[in-house]
Structures are given as structure tokens and as C-alpha cells.
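Enquirer: The structure is given below, and queries will be raised subsequently.
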Amino acid sequence: AVHRIAPYPVAAIDTNGAGDTHIGSFVARLSATGDPVSAARYANVAAALSTTRKGPATAPSLEDVERVLADTMAGHARQTDNPKRRLRT
């Protein structure tokens, strides 16, 4: 199955290290959960957050990423409760 994972929108300041953050976060989350879709969502948020800080070593904390994911999923649930607004995941 193909899953489309939406990017997490941010105002990027410095993209240096975003790819490293993405792959590192993806592999770590995949190893921890065994779920590639969840790992991809986690990695997208981690990489996006890393671009909001200046410099190459700007990976966000686990708590930062989990807070954004929780907020995003809560918003997704509110939007999908309305049949006129369905999100793709």
C-alpha cells in the first residue's frame, strides 16, 4: 500500500541537517515501533522542526516532536469529524 504523508509546515530558518534529522528519526522510530507510517510522520515533523533553528545540530527533542504530533492528530480528528472536511493521510 502507498501512504502519502503530508509535510509539517514551518517557517524554515536553516535547512542544514534536516535530511540527517529525518533519516535518523525515521530509523529510530521504526526500530522502536516497527510501524513505517508512524515513523515517517515522526521523521517529517522532526526534520521540519530542525529547520526552525539555526545551525547543523538542531534536532528537536522527543518531547517537541511528540507534542506536535499530538496537536496535529487532535486537529486531524476534529477536521475528520466534519464530513465536509476530510483529510488525506
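Chain labels A, B, ... are given in the sequence in which chains occur in the C-alpha cells; within each chain residues are numbered consecutively from 1, and ligands are likewise numbered from 1 in the order shown.
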Just list the residues in chain A DSSP gives helix (DSSP H, G or I) on the backbone, as number ranges by chain.

Expert: A: 18-33, 36-50, 62-81

Enquirer: Taking 3 positions as the minimum chain separation for residues in the same chain, which residues sit within 9 Å of segment 34-43 of chain A when counting only C-alpha atoms? Answer as a PDB file with N, CA, C and O atoms, in the first residue's frame.

Expert:
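What ended up in part22.pdb:
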```
ATOM      1  N   HIS A   3       1.246   5.096   1.104  1.00  0.00           N
ATOM      2  CA  HIS A   3       0.746   6.070   2.068  1.00  0.00           C
ATOM      3  C   HIS A   3       1.357   7.418   1.736  1.00  0.00           C
ATOM      4  O   HIS A   3       2.567   7.527   1.592  1.00  0.00           O
ATOM      5  N   ILE A   5       2.263  10.868   3.158  1.00  0.00           N
ATOM      6  CA  ILE A   5       2.467  11.520   4.454  1.00  0.00           C
ATOM      7  C   ILE A   5       2.690  13.002   4.192  1.00  0.00           C
ATOM      8  O   ILE A   5       3.646  13.383   3.523  1.00  0.00           O
ATOM      9  N   ALA A   6       1.808  13.806   4.712  1.00  0.00           N
ATOM     10  CA  ALA A   6       1.899  15.250   4.492  1.00  0.00           C
ATOM     11  C   ALA A   6       3.102  15.837   5.222  1.00  0.00           C
ATOM     12  O   ALA A   6       3.460  15.384   6.305  1.00  0.00           O
ATOM     13  N   PRO A   7       3.713  16.847   4.631  1.00  0.00           N
ATOM     14  CA  PRO A   7       4.802  17.534   5.329  1.00  0.00           C
ATOM     15  C   PRO A   7       4.223  18.367   6.475  1.00  0.00           C
ATOM     16  O   PRO A   7       3.032  18.693   6.484  1.00  0.00           O
ATOM     17  N   TYR A   8       5.062  18.691   7.433  1.00  0.00           N
ATOM     18  CA  TYR A   8       4.643  19.564   8.515  1.00  0.00           C
ATOM     19  C   TYR A   8       5.121  20.976   8.170  1.00  0.00           C
ATOM     20  O   TYR A   8       6.322  21.201   8.035  1.00  0.00           O
ATOM     21  N   THR A  21      18.458  14.663  10.216  1.00  0.00           N
ATOM     22  CA  THR A  21      17.428  14.540  11.252  1.00  0.00           C
ATOM     23  C   THR A  21      16.320  13.611  10.787  1.00  0.00           C
ATOM     24  O   THR A  21      15.848  12.765  11.549  1.00  0.00           O
ATOM     25  N   HIS A  22      15.920  13.743   9.528  1.00  0.00           N
ATOM     26  CA  HIS A  22      14.835  12.917   9.003  1.00  0.00           C
ATOM     27  C   HIS A  22      15.206  11.437   9.026  1.00  0.00           C
ATOM     28  O   HIS A  22      14.467  10.619   9.573  1.00  0.00           O
ATOM     29  N   ILE A  23      16.334  11.089   8.442  1.00  0.00           N
ATOM     30  CA  ILE A  23      16.680   9.663   8.362  1.00  0.00           C
ATOM     31  C   ILE A  23      16.973   9.082   9.739  1.00  0.00           C
ATOM     32  O   ILE A  23      16.565   7.958  10.048  1.00  0.00           O
ATOM     33  N   GLY A  24      17.643   9.847  10.587  1.00  0.00           N
ATOM     34  CA  GLY A  24      17.923   9.361  11.938  1.00  0.00           C
ATOM     35  C   GLY A  24      16.650   9.147  12.735  1.00  0.00           C
ATOM     36  O   GLY A  24      16.487   8.126  13.425  1.00  0.00           O
ATOM     37  N   SER A  25      15.727  10.096  12.631  1.00  0.00           N
ATOM     38  CA  SER A  25      14.455   9.990  13.342  1.00  0.00           C
ATOM     39  C   SER A  25      13.618   8.842  12.799  1.00  0.00           C
ATOM     40  O   SER A  25      12.993   8.105  13.565  1.00  0.00           O
ATOM     41  N   PHE A  26      13.620   8.695  11.472  1.00  0.00           N
ATOM     42  CA  PHE A  26      12.845   7.612  10.866  1.00  0.00           C
ATOM     43  C   PHE A  26      13.347   6.249  11.327  1.00  0.00           C
ATOM     44  O   PHE A  26      12.566   5.400  11.762  1.00  0.00           O
ATOM     45  N   VAL A  27      14.656   6.042  11.258  1.00  0.00           N
ATOM     46  CA  VAL A  27      15.220   4.743  11.636  1.00  0.00           C
ATOM     47  C   VAL A  27      15.005   4.467  13.122  1.00  0.00           C
ATOM     48  O   VAL A  27      14.635   3.349  13.508  1.00  0.00           O
ATOM     49  N   ALA A  28      15.190   5.471  13.955  1.00  0.00           N
ATOM     50  CA  ALA A  28      14.997   5.290  15.396  1.00  0.00           C
ATOM     51  C   ALA A  28      13.550   4.949  15.711  1.00  0.00           C
ATOM     52  O   ALA A  28      13.261   4.032  16.494  1.00  0.00           O
ATOM     53  N   ARG A  29      12.619   5.663  15.092  1.00  0.00           N
ATOM     54  CA  ARG A  29      11.194   5.424  15.359  1.00  0.00           C
ATOM     55  C   ARG A  29      10.746   4.076  14.778  1.00  0.00           C
ATOM     56  O   ARG A  29       9.959   3.365  15.398  1.00  0.00           O
ATOM     57  N   LEU A  30      11.246   3.749  13.601  1.00  0.00           N
ATOM     58  CA  LEU A  30      10.912   2.461  13.001  1.00  0.00           C
ATOM     59  C   LEU A  30      11.416   1.322  13.875  1.00  0.00           C
ATOM     60  O   LEU A  30      10.711   0.338  14.111  1.00  0.00           O
ATOM     61  N   SER A  31      12.615   1.473  14.399  1.00  0.00           N
ATOM     62  CA  SER A  31      13.192   0.459  15.286  1.00  0.00           C
ATOM     63  C   SER A  31      12.372   0.316  16.564  1.00  0.00           C
ATOM     64  O   SER A  31      12.166  -0.788  17.066  1.00  0.00           O
ATOM     65  N   ALA A  46      10.049  15.893  12.857  1.00  0.00           N
ATOM     66  CA  ALA A  46      11.384  16.135  13.415  1.00  0.00           C
ATOM     67  C   ALA A  46      12.235  16.952  12.453  1.00  0.00           C
ATOM     68  O   ALA A  46      12.893  17.923  12.855  1.00  0.00           O
ATOM     69  N   ALA A  47      12.237  16.581  11.180  1.00  0.00           N
ATOM     70  CA  ALA A  47      13.029  17.306  10.191  1.00  0.00           C
ATOM     71  C   ALA A  47      12.525  18.738  10.019  1.00  0.00           C
ATOM     72  O   ALA A  47      13.310  19.677   9.929  1.00  0.00           O
ATOM     73  N   ALA A  48      11.199  18.894   9.986  1.00  0.00           N
ATOM     74  CA  ALA A  48      10.634  20.236   9.854  1.00  0.00           C
ATOM     75  C   ALA A  48      11.029  21.112  11.036  1.00  0.00           C
ATOM     76  O   ALA A  48      11.472  22.255  10.854  1.00  0.00           O
ATOM     77  N   VAL A  65       8.709  16.770  19.342  1.00  0.00           N
ATOM     78  CA  VAL A  65       8.077  16.071  18.222  1.00  0.00           C
ATOM     79  C   VAL A  65       6.757  15.454  18.667  1.00  0.00           C
ATOM     80  O   VAL A  65       5.740  15.582  17.976  1.00  0.00           O
ATOM     81  N   GLU A  66       6.734  14.812  19.804  1.00  0.00           N
ATOM     82  CA  GLU A  66       5.501  14.170  20.274  1.00  0.00           C
ATOM     83  C   GLU A  66       4.403  15.186  20.560  1.00  0.00           C
ATOM     84  O   GLU A  66       3.231  14.918  20.315  1.00  0.00           O
ATOM     85  N   LEU A  69       3.018  16.126  17.140  1.00  0.00           N
ATOM     86  CA  LEU A  69       2.220  15.010  16.618  1.00  0.00           C
ATOM     87  C   LEU A  69       0.874  14.920  17.323  1.00  0.00           C
ATOM     88  O   LEU A  69      -0.155  14.697  16.681  1.00  0.00           O
TER      89      LEU A  69
END
```

Enquirer: Between A:Val10, A:Val2, A:Val45, A:Met73, which residue has the minimum interatomic distance to Ala59 of chain A, considering only C-alpha atoms?

Expert: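 Looking only at the distances to Ala59 of chain A, the closest residue turns out to be A:Val45.
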
Enquirer: How many Å separate atom CA of Thr15 of chain A from atom CA of Thr51 of chain A?

Expert: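 Going from atom CA of Thr15 of chain A over to atom CA of Thr51 of chain A, I get 4.8 Å.
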
Enquirer: Between atom CA of Asp20 of chain A and atom CA of Lys54 of chain A, measure the distance and give it in Å to one decimal.

Expert: 14.8 Å

Enquirer: What does the distance between atom CA of Asp14 of chain A and atom CA of Thr52 of chain A come to in Å, to one decimal place?

Expert: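 The value is 6.6 Å.
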